[in-house]
$ cat target_8.cif   # mmCIF, N, CA and C atoms
data_coords
loop_
_atom_site.label_atom_id
_atom_site.label_comp_id
_atom_site.auth_asym_id
_atom_site.auth_seq_id
_atom_site.Cartn_x
_atom_site.Cartn_y
_atom_site.Cartn_z
N GLU I 1 119.94 12.92 75.07
CA GLU I 1 121.35 12.71 75.34
C GLU I 1 122.09 14.04 75.47
N VAL I 2 121.80 14.96 74.54
CA VAL I 2 122.48 16.26 74.55
C VAL I 2 122.12 17.02 75.82
N LYS I 3 120.84 17.05 76.15
CA LYS I 3 120.38 17.79 77.34
C LYS I 3 121.02 17.23 78.60
N ALA I 4 121.13 15.92 78.70
CA ALA I 4 121.75 15.29 79.87
C ALA I 4 123.23 15.64 79.96
N ALA I 5 123.89 15.70 78.83
CA ALA I 5 125.33 15.96 78.81
C ALA I 5 125.67 17.43 79.05
N LEU I 6 124.89 18.34 78.46
CA LEU I 6 125.22 19.76 78.51
C LEU I 6 124.35 20.57 79.46
N GLY I 7 123.19 20.07 79.79
CA GLY I 7 122.23 20.90 80.50
C GLY I 7 121.58 21.85 79.50
N LEU I 8 120.87 22.84 80.00
CA LEU I 8 120.24 23.81 79.10
C LEU I 8 121.29 24.79 78.60
N VAL I 9 121.13 25.26 77.38
CA VAL I 9 122.11 26.14 76.75
C VAL I 9 121.48 27.48 76.40
N ASP I 10 122.33 28.47 76.11
CA ASP I 10 121.86 29.81 75.77
C ASP I 10 121.30 29.89 74.36
N VAL I 11 121.93 29.18 73.42
CA VAL I 11 121.55 29.27 72.01
C VAL I 11 121.63 27.89 71.36
N VAL I 12 120.63 27.58 70.55
CA VAL I 12 120.65 26.40 69.69
C VAL I 12 120.52 26.90 68.26
N THR I 13 121.38 26.43 67.36
CA THR I 13 121.32 26.82 65.96
C THR I 13 121.03 25.60 65.08
N SER I 14 120.45 25.88 63.92
CA SER I 14 120.18 24.79 62.98
C SER I 14 120.08 25.36 61.57
N ARG I 15 120.18 24.45 60.60
CA ARG I 15 120.06 24.85 59.20
C ARG I 15 119.40 23.73 58.41
N ALA I 16 118.29 24.05 57.74
CA ALA I 16 117.64 23.13 56.80
C ALA I 16 117.43 21.73 57.38
N VAL I 17 116.85 21.66 58.56
CA VAL I 17 116.67 20.38 59.24
C VAL I 17 115.27 19.83 59.08
N ALA I 18 114.27 20.66 59.35
CA ALA I 18 112.87 20.20 59.39
C ALA I 18 111.95 21.41 59.35
N PRO I 19 110.65 21.18 59.18
CA PRO I 19 109.70 22.28 59.28
C PRO I 19 109.83 22.97 60.65
N LEU I 20 109.52 24.23 60.70
CA LEU I 20 109.76 25.05 61.88
C LEU I 20 109.11 24.50 63.16
N GLY I 21 107.88 24.02 63.08
CA GLY I 21 107.21 23.49 64.27
C GLY I 21 107.93 22.29 64.85
N LYS I 22 108.33 21.39 63.99
CA LYS I 22 109.07 20.20 64.43
C LYS I 22 110.43 20.60 65.00
N LEU I 23 111.09 21.51 64.31
CA LEU I 23 112.40 21.98 64.75
C LEU I 23 112.31 22.64 66.13
N ALA I 24 111.26 23.43 66.36
CA ALA I 24 111.07 24.07 67.66
C ALA I 24 110.87 23.02 68.75
N GLY I 25 110.13 21.97 68.44
CA GLY I 25 109.91 20.90 69.40
C GLY I 25 111.19 20.17 69.78
N TRP I 26 112.12 20.08 68.85
CA TRP I 26 113.41 19.44 69.13
C TRP I 26 114.37 20.40 69.83
N SER I 27 114.37 21.67 69.40
CA SER I 27 115.40 22.62 69.82
C SER I 27 115.08 23.38 71.11
N LEU I 28 113.86 23.90 71.22
CA LEU I 28 113.55 24.76 72.37
C LEU I 28 113.67 24.06 73.72
N PRO I 29 113.39 22.76 73.84
CA PRO I 29 113.60 22.11 75.14
C PRO I 29 115.07 22.11 75.60
N LEU I 30 115.99 22.36 74.69
CA LEU I 30 117.41 22.41 75.02
C LEU I 30 117.87 23.80 75.46
N VAL I 31 117.00 24.81 75.27
CA VAL I 31 117.36 26.21 75.51
C VAL I 31 116.85 26.65 76.88
N LYS I 32 117.71 27.34 77.63
CA LYS I 32 117.29 27.85 78.93
C LYS I 32 116.38 29.07 78.73
N PRO I 33 115.49 29.35 79.67
CA PRO I 33 114.63 30.53 79.56
C PRO I 33 115.49 31.78 79.35
N GLY I 34 115.08 32.61 78.41
CA GLY I 34 115.84 33.79 78.05
C GLY I 34 116.85 33.54 76.94
N GLY I 35 117.06 32.27 76.58
CA GLY I 35 117.96 31.92 75.49
C GLY I 35 117.24 32.01 74.15
N HIS I 36 117.88 31.52 73.10
CA HIS I 36 117.34 31.67 71.75
C HIS I 36 117.56 30.43 70.90
N MET I 37 116.59 30.18 70.04
CA MET I 37 116.71 29.21 68.97
C MET I 37 116.90 30.01 67.69
N LEU I 38 118.02 29.82 67.01
CA LEU I 38 118.29 30.49 65.74
C LEU I 38 118.29 29.45 64.63
N ALA I 39 117.44 29.65 63.64
CA ALA I 39 117.34 28.69 62.55
C ALA I 39 117.50 29.41 61.21
N MET I 40 118.40 28.91 60.39
CA MET I 40 118.54 29.41 59.03
C MET I 40 117.47 28.74 58.19
N LYS I 41 116.62 29.54 57.60
CA LYS I 41 115.49 29.02 56.83
C LYS I 41 115.45 29.72 55.48
N GLY I 42 114.62 29.21 54.60
CA GLY I 42 114.43 29.83 53.30
C GLY I 42 113.32 30.87 53.35
N ALA I 43 112.93 31.33 52.20
CA ALA I 43 111.89 32.35 52.10
C ALA I 43 110.55 31.87 52.64
N SER I 44 110.38 30.57 52.77
CA SER I 44 109.12 30.01 53.28
C SER I 44 108.96 30.19 54.78
N VAL I 45 109.94 30.79 55.45
CA VAL I 45 109.89 30.91 56.91
C VAL I 45 108.64 31.65 57.38
N TYR I 46 108.17 32.63 56.61
CA TYR I 46 106.97 33.38 57.01
C TYR I 46 105.75 32.46 57.02
N ASP I 47 105.63 31.63 56.00
CA ASP I 47 104.52 30.67 55.94
C ASP I 47 104.65 29.62 57.04
N GLU I 48 105.87 29.14 57.27
CA GLU I 48 106.09 28.15 58.33
C GLU I 48 105.74 28.73 59.70
N LEU I 49 106.12 29.97 59.94
CA LEU I 49 105.83 30.60 61.22
C LEU I 49 104.32 30.72 61.43
N ALA I 50 103.62 31.15 60.40
CA ALA I 50 102.15 31.27 60.50
C ALA I 50 101.52 29.90 60.75
N ARG I 51 101.98 28.89 60.05
CA ARG I 51 101.42 27.55 60.16
C ARG I 51 101.76 26.88 61.50
N ASP I 52 102.97 27.10 62.00
CA ASP I 52 103.47 26.34 63.15
C ASP I 52 103.51 27.13 64.45
N ARG I 53 102.87 28.29 64.48
CA ARG I 53 102.91 29.16 65.66
C ARG I 53 102.49 28.44 66.95
N VAL I 54 101.44 27.62 66.87
CA VAL I 54 100.94 26.91 68.06
C VAL I 54 102.00 25.92 68.57
N GLU I 55 102.62 25.18 67.67
CA GLU I 55 103.67 24.23 68.08
C GLU I 55 104.85 24.95 68.73
N ILE I 56 105.19 26.10 68.18
CA ILE I 56 106.31 26.88 68.73
C ILE I 56 105.98 27.34 70.15
N ARG I 57 104.78 27.83 70.36
CA ARG I 57 104.35 28.27 71.70
C ARG I 57 104.34 27.10 72.68
N LYS I 58 103.83 25.95 72.24
CA LYS I 58 103.81 24.76 73.11
C LYS I 58 105.21 24.34 73.53
N ALA I 59 106.18 24.57 72.67
CA ALA I 59 107.58 24.21 72.97
C ALA I 59 108.26 25.26 73.84
N GLY I 60 107.55 26.36 74.14
CA GLY I 60 108.11 27.39 75.00
C GLY I 60 108.64 28.60 74.27
N GLY I 61 108.36 28.70 72.97
CA GLY I 61 108.86 29.81 72.18
C GLY I 61 108.06 31.08 72.36
N GLY I 62 108.76 32.21 72.28
CA GLY I 62 108.14 33.52 72.35
C GLY I 62 107.94 34.10 70.96
N THR I 63 107.86 35.41 70.90
CA THR I 63 107.64 36.12 69.64
C THR I 63 108.90 36.07 68.78
N ALA I 64 108.75 35.56 67.59
CA ALA I 64 109.89 35.37 66.69
C ALA I 64 110.26 36.67 65.98
N THR I 65 111.55 36.78 65.67
CA THR I 65 112.08 37.85 64.84
C THR I 65 112.72 37.20 63.62
N ILE I 66 112.39 37.71 62.44
CA ILE I 66 112.95 37.19 61.20
C ILE I 66 113.82 38.27 60.58
N PHE I 67 115.04 37.89 60.19
CA PHE I 67 115.92 38.86 59.56
C PHE I 67 116.75 38.18 58.48
N THR I 68 117.34 38.99 57.62
CA THR I 68 118.15 38.49 56.52
C THR I 68 119.59 38.93 56.73
N VAL I 69 120.52 38.02 56.50
CA VAL I 69 121.94 38.34 56.58
C VAL I 69 122.58 38.04 55.23
N GLY I 70 123.67 38.75 54.95
CA GLY I 70 124.37 38.53 53.69
C GLY I 70 123.65 39.14 52.50
N ASN I 71 123.06 40.31 52.71
CA ASN I 71 122.32 40.96 51.62
C ASN I 71 123.19 41.26 50.40
N ASP I 72 124.49 41.35 50.59
CA ASP I 72 125.39 41.62 49.47
C ASP I 72 125.82 40.34 48.74
N LEU I 73 125.34 39.20 49.20
CA LEU I 73 125.67 37.91 48.58
C LEU I 73 124.62 37.54 47.53
N PRO I 74 124.97 36.66 46.59
CA PRO I 74 123.99 36.24 45.58
C PRO I 74 122.74 35.60 46.20
N GLU I 75 122.91 34.86 47.29
CA GLU I 75 121.77 34.22 47.96
C GLU I 75 121.82 34.56 49.45
N PRO I 76 121.18 35.66 49.87
CA PRO I 76 121.15 36.00 51.29
C PRO I 76 120.47 34.89 52.10
N THR I 77 120.75 34.86 53.38
CA THR I 77 120.20 33.85 54.28
C THR I 77 119.13 34.46 55.17
N THR I 78 118.01 33.78 55.30
CA THR I 78 116.95 34.21 56.20
C THR I 78 117.10 33.45 57.50
N VAL I 79 117.09 34.18 58.61
CA VAL I 79 117.26 33.59 59.94
C VAL I 79 116.05 33.94 60.78
N ILE I 80 115.56 32.97 61.54
CA ILE I 80 114.49 33.23 62.49
C ILE I 80 115.06 33.04 63.89
N ASP I 81 114.78 34.01 64.74
CA ASP I 81 115.22 33.99 66.14
C ASP I 81 113.98 33.82 67.00
N ILE I 82 113.91 32.70 67.71
CA ILE I 82 112.77 32.44 68.59
C ILE I 82 113.30 32.39 70.02
N PRO I 83 112.91 33.37 70.85
CA PRO I 83 113.36 33.35 72.24
C PRO I 83 112.61 32.29 73.05
N LYS I 84 113.27 31.74 74.05
CA LYS I 84 112.65 30.76 74.95
C LYS I 84 112.02 31.54 76.09
N LYS I 85 110.71 31.39 76.24
CA LYS I 85 109.98 32.13 77.27
C LYS I 85 109.94 31.41 78.60
N ARG I 86 109.74 30.10 78.58
CA ARG I 86 109.59 29.37 79.85
C ARG I 86 110.40 28.10 79.81
#
$ encode --input "target_8.cif" --output "structure tokens"
Amino acid sequence: EVKAALGLVDVVTSRAVAPLGKLAGWSLPLVKPGGHMLAMKGASVYDELARDRVEIRKAGGGTATIFTVGNDLPEPTTVIDIPKKR
């Protein structure tokens, strides 16, 4: 429904929705090539990325970048940026 209404978009964001592989399968088809899927994840993001790398690639994801924002806060946020390759 979203894809039909909006077409492909530059960025899709999410927070605490599902495991990374499943989330990529839902999100990356909505992203135009060269766009990005940004997901706020917990510290387990490194394990999820290792486990779900194949699913992410199948959904069209490229090489992920993981970074932390809010380092001066009591609970910083870990974000994964997955570019859409195709």
$ residues_around --input "target_8.cif" --residues "Pro76 of chain I" --least-positions-apart "4" --cutoff "12 Å" --atoms "only C-alpha atoms" --output "MDAnalysis selection string"
chainID I and resid 40:43 67:72
$ residues_around --input "target_8.cif" --residues "Leu38 of chain I" --least-positions-apart "3" --cutoff "6 Å" --atoms "only C-alpha atoms" --output "ChimeraX atom specification"
/I:13,80-81
$ write_last_selection --input "target_8.cif" --atoms "N, CA and C atoms" --output "PDB file, in the frame of the given file"
ATOM      1  N   THR I  13     121.380  26.430  67.360  1.00  0.00           N
ATOM      2  CA  THR I  13     121.320  26.820  65.960  1.00  0.00           C
ATOM      3  C   THR I  13     121.030  25.600  65.080  1.00  0.00           C
ATOM      4  N   ILE I  80     115.560  32.970  61.540  1.00  0.00           N
ATOM      5  CA  ILE I  80     114.490  33.230  62.490  1.00  0.00           C
ATOM      6  C   ILE I  80     115.060  33.040  63.890  1.00  0.00           C
ATOM      7  N   ASP I  81     114.780  34.010  64.740  1.00  0.00           N
ATOM      8  CA  ASP I  81     115.220  33.990  66.140  1.00  0.00           C
ATOM      9  C   ASP I  81     113.980  33.820  67.000  1.00  0.00           C
TER      10      ASP I  81
END
$ atom_distance --input "target_8.cif" --atom1 "atom C of Val31 of chain I" --atom2 "atom C of Arg51 of chain I"
21.5 Å
$ select_by_dssp --input "target_8.cif" --residues "segment 3-86 of chain I" --states "helix (DSSP H, G or I)" --output "PyMOL selection string"
chain I and resi 3-6+20-30+45-58
$ closest_residue --input "target_8.cif" --among "I:Pro83, I:Thr65, I:Val54, I:Val17" --to "Met37 of chain I" --atoms "all atoms listed in the file"
I:Pro83
$ residues_around --input "target_8.cif" --residues "Arg53 of chain I" --least-positions-apart "5" --cutoff "8 Å" --atoms "all atoms listed in the file" --output "list of chain:residue names"
I:Leu20, I:Gly21, I:Asp47, I:Glu48, I:Lys58, I:Ala59
$ write_last_selection --input "target_8.cif" --atoms "N, CA and C atoms" --output "PDB file, in the frame of the given file"
ATOM      1  N   LEU I  20     109.520  24.230  60.700  1.00  0.00           N
ATOM      2  CA  LEU I  20     109.760  25.050  61.880  1.00  0.00           C
ATOM      3  C   LEU I  20     109.110  24.500  63.160  1.00  0.00           C
ATOM      4  N   GLY I  21     107.880  24.020  63.080  1.00  0.00           N
ATOM      5  CA  GLY I  21     107.210  23.490  64.270  1.00  0.00           C
ATOM      6  C   GLY I  21     107.930  22.290  64.850  1.00  0.00           C
ATOM      7  N   ASP I  47     105.630  31.630  56.000  1.00  0.00           N
ATOM      8  CA  ASP I  47     104.520  30.670  55.940  1.00  0.00           C
ATOM      9  C   ASP I  47     104.650  29.620  57.040  1.00  0.00           C
ATOM     10  N   GLU I  48     105.870  29.140  57.270  1.00  0.00           N
ATOM     11  CA  GLU I  48     106.090  28.150  58.330  1.00  0.00           C
ATOM     12  C   GLU I  48     105.740  28.730  59.700  1.00  0.00           C
ATOM     13  N   LYS I  58     103.830  25.950  72.240  1.00  0.00           N
ATOM     14  CA  LYS I  58     103.810  24.760  73.110  1.00  0.00           C
ATOM     15  C   LYS I  58     105.210  24.340  73.530  1.00  0.00           C
ATOM     16  N   ALA I  59     106.180  24.570  72.670  1.00  0.00           N
ATOM     17  CA  ALA I  59     107.580  24.210  72.970  1.00  0.00           C
ATOM     18  C   ALA I  59     108.260  25.260  73.840  1.00  0.00           C
TER      19      ALA I  59
END
$ select_by_dssp --input "target_8.cif" --residues "chain I" --states "strand (DSSP E or B)" --output "PDB file with N, CA and C atoms, in the coordinates of the input"
ATOM      1  N   VAL I   9     121.130  25.260  77.380  1.00  0.00           N
ATOM      2  CA  VAL I   9     122.110  26.140  76.750  1.00  0.00           C
ATOM      3  C   VAL I   9     121.480  27.480  76.400  1.00  0.00           C
ATOM      4  N   ASP I  10     122.330  28.470  76.110  1.00  0.00           N
ATOM      5  CA  ASP I  10     121.860  29.810  75.770  1.00  0.00           C
ATOM      6  C   ASP I  10     121.300  29.890  74.360  1.00  0.00           C
ATOM      7  N   VAL I  11     121.930  29.180  73.420  1.00  0.00           N
ATOM      8  CA  VAL I  11     121.550  29.270  72.010  1.00  0.00           C
ATOM      9  C   VAL I  11     121.630  27.890  71.360  1.00  0.00           C
ATOM     10  N   VAL I  12     120.630  27.580  70.550  1.00  0.00           N
ATOM     11  CA  VAL I  12     120.650  26.400  69.690  1.00  0.00           C
ATOM     12  C   VAL I  12     120.520  26.900  68.260  1.00  0.00           C
ATOM     13  N   THR I  13     121.380  26.430  67.360  1.00  0.00           N
ATOM     14  CA  THR I  13     121.320  26.820  65.960  1.00  0.00           C
ATOM     15  C   THR I  13     121.030  25.600  65.080  1.00  0.00           C
ATOM     16  N   SER I  14     120.450  25.880  63.920  1.00  0.00           N
ATOM     17  CA  SER I  14     120.180  24.790  62.980  1.00  0.00           C
ATOM     18  C   SER I  14     120.080  25.360  61.570  1.00  0.00           C
ATOM     19  N   ARG I  15     120.180  24.450  60.600  1.00  0.00           N
ATOM     20  CA  ARG I  15     120.060  24.850  59.200  1.00  0.00           C
ATOM     21  C   ARG I  15     119.400  23.730  58.410  1.00  0.00           C
ATOM     22  N   VAL I  31     117.000  24.810  75.270  1.00  0.00           N
ATOM     23  CA  VAL I  31     117.360  26.210  75.510  1.00  0.00           C
ATOM     24  C   VAL I  31     116.850  26.650  76.880  1.00  0.00           C
ATOM     25  N   LYS I  32     117.710  27.340  77.630  1.00  0.00           N
ATOM     26  CA  LYS I  32     117.290  27.850  78.930  1.00  0.00           C
ATOM     27  C   LYS I  32     116.380  29.070  78.730  1.00  0.00           C
ATOM     28  N   PRO I  33     115.490  29.350  79.670  1.00  0.00           N
ATOM     29  CA  PRO I  33     114.630  30.530  79.560  1.00  0.00           C
ATOM     30  C   PRO I  33     115.490  31.780  79.350  1.00  0.00           C
ATOM     31  N   GLY I  34     115.080  32.610  78.410  1.00  0.00           N
ATOM     32  CA  GLY I  34     115.840  33.790  78.050  1.00  0.00           C
ATOM     33  C   GLY I  34     116.850  33.540  76.940  1.00  0.00           C
ATOM     34  N   GLY I  35     117.060  32.270  76.580  1.00  0.00           N
ATOM     35  CA  GLY I  35     117.960  31.920  75.490  1.00  0.00           C
ATOM     36  C   GLY I  35     117.240  32.010  74.150  1.00  0.00           C
ATOM     37  N   HIS I  36     117.880  31.520  73.100  1.00  0.00           N
ATOM     38  CA  HIS I  36     117.340  31.670  71.750  1.00  0.00           C
ATOM     39  C   HIS I  36     117.560  30.430  70.900  1.00  0.00           C
ATOM     40  N   MET I  37     116.590  30.180  70.040  1.00  0.00           N
ATOM     41  CA  MET I  37     116.710  29.210  68.970  1.00  0.00           C
ATOM     42  C   MET I  37     116.900  30.010  67.690  1.00  0.00           C
ATOM     43  N   LEU I  38     118.020  29.820  67.010  1.00  0.00           N
ATOM     44  CA  LEU I  38     118.290  30.490  65.740  1.00  0.00           C
ATOM     45  C   LEU I  38     118.290  29.450  64.630  1.00  0.00           C
ATOM     46  N   ALA I  39     117.440  29.650  63.640  1.00  0.00           N
ATOM     47  CA  ALA I  39     117.340  28.690  62.550  1.00  0.00           C
ATOM     48  C   ALA I  39     117.500  29.410  61.210  1.00  0.00           C
ATOM     49  N   MET I  40     118.400  28.910  60.390  1.00  0.00           N
ATOM     50  CA  MET I  40     118.540  29.410  59.030  1.00  0.00           C
ATOM     51  C   MET I  40     117.470  28.740  58.190  1.00  0.00           C
ATOM     52  N   LYS I  41     116.620  29.540  57.600  1.00  0.00           N
ATOM     53  CA  LYS I  41     115.490  29.020  56.830  1.00  0.00           C
ATOM     54  C   LYS I  41     115.450  29.720  55.480  1.00  0.00           C
ATOM     55  N   GLY I  61     108.360  28.700  72.970  1.00  0.00           N
ATOM     56  CA  GLY I  61     108.860  29.810  72.180  1.00  0.00           C
ATOM     57  C   GLY I  61     108.060  31.080  72.360  1.00  0.00           C
ATOM     58  N   THR I  65     111.550  36.780  65.670  1.00  0.00           N
ATOM     59  CA  THR I  65     112.080  37.850  64.840  1.00  0.00           C
ATOM     60  C   THR I  65     112.720  37.200  63.620  1.00  0.00           C
ATOM     61  N   ILE I  66     112.390  37.710  62.440  1.00  0.00           N
ATOM     62  CA  ILE I  66     112.950  37.190  61.200  1.00  0.00           C
ATOM     63  C   ILE I  66     113.820  38.270  60.580  1.00  0.00           C
ATOM     64  N   PHE I  67     115.040  37.890  60.190  1.00  0.00           N
ATOM     65  CA  PHE I  67     115.920  38.860  59.560  1.00  0.00           C
ATOM     66  C   PHE I  67     116.750  38.180  58.480  1.00  0.00           C
ATOM     67  N   THR I  68     117.340  38.990  57.620  1.00  0.00           N
ATOM     68  CA  THR I  68     118.150  38.490  56.520  1.00  0.00           C
ATOM     69  C   THR I  68     119.590  38.930  56.730  1.00  0.00           C
ATOM     70  N   VAL I  69     120.520  38.020  56.500  1.00  0.00           N
ATOM     71  CA  VAL I  69     121.940  38.340  56.580  1.00  0.00           C
ATOM     72  C   VAL I  69     122.580  38.040  55.230  1.00  0.00           C
ATOM     73  N   THR I  77     120.750  34.860  53.380  1.00  0.00           N
ATOM     74  CA  THR I  77     120.200  33.850  54.280  1.00  0.00           C
ATOM     75  C   THR I  77     119.130  34.460  55.170  1.00  0.00           C
ATOM     76  N   THR I  78     118.010  33.780  55.300  1.00  0.00           N
ATOM     77  CA  THR I  78     116.950  34.210  56.200  1.00  0.00           C
ATOM     78  C   THR I  78     117.100  33.450  57.500  1.00  0.00           C
ATOM     79  N   VAL I  79     117.090  34.180  58.610  1.00  0.00           N
ATOM     80  CA  VAL I  79     117.260  33.590  59.940  1.00  0.00           C
ATOM     81  C   VAL I  79     116.050  33.940  60.780  1.00  0.00           C
ATOM     82  N   ILE I  80     115.560  32.970  61.540  1.00  0.00           N
ATOM     83  CA  ILE I  80     114.490  33.230  62.490  1.00  0.00           C
ATOM     84  C   ILE I  80     115.060  33.040  63.890  1.00  0.00           C
ATOM     85  N   ASP I  81     114.780  34.010  64.740  1.00  0.00           N
ATOM     86  CA  ASP I  81     115.220  33.990  66.140  1.00  0.00           C
ATOM     87  C   ASP I  81     113.980  33.820  67.000  1.00  0.00           C
ATOM     88  N   ILE I  82     113.910  32.700  67.710  1.00  0.00           N
ATOM     89  CA  ILE I  82     112.770  32.440  68.590  1.00  0.00           C
ATOM     90  C   ILE I  82     113.300  32.390  70.020  1.00  0.00           C
ATOM     91  N   PRO I  83     112.910  33.370  70.850  1.00  0.00           N
ATOM     92  CA  PRO I  83     113.360  33.350  72.240  1.00  0.00           C
ATOM     93  C   PRO I  83     112.610  32.290  73.050  1.00  0.00           C
ATOM     94  N   LYS I  84     113.270  31.740  74.050  1.00  0.00           N
ATOM     95  CA  LYS I  84     112.650  30.760  74.950  1.00  0.00           C
ATOM     96  C   LYS I  84     112.020  31.540  76.090  1.00  0.00           C
TER      97      LYS I  84
END
$ atom_distance --input "target_8.cif" --atom1 "atom CA of Glu55 of chain I" --atom2 "atom N of Ala4 of chain I"
22.1 Å
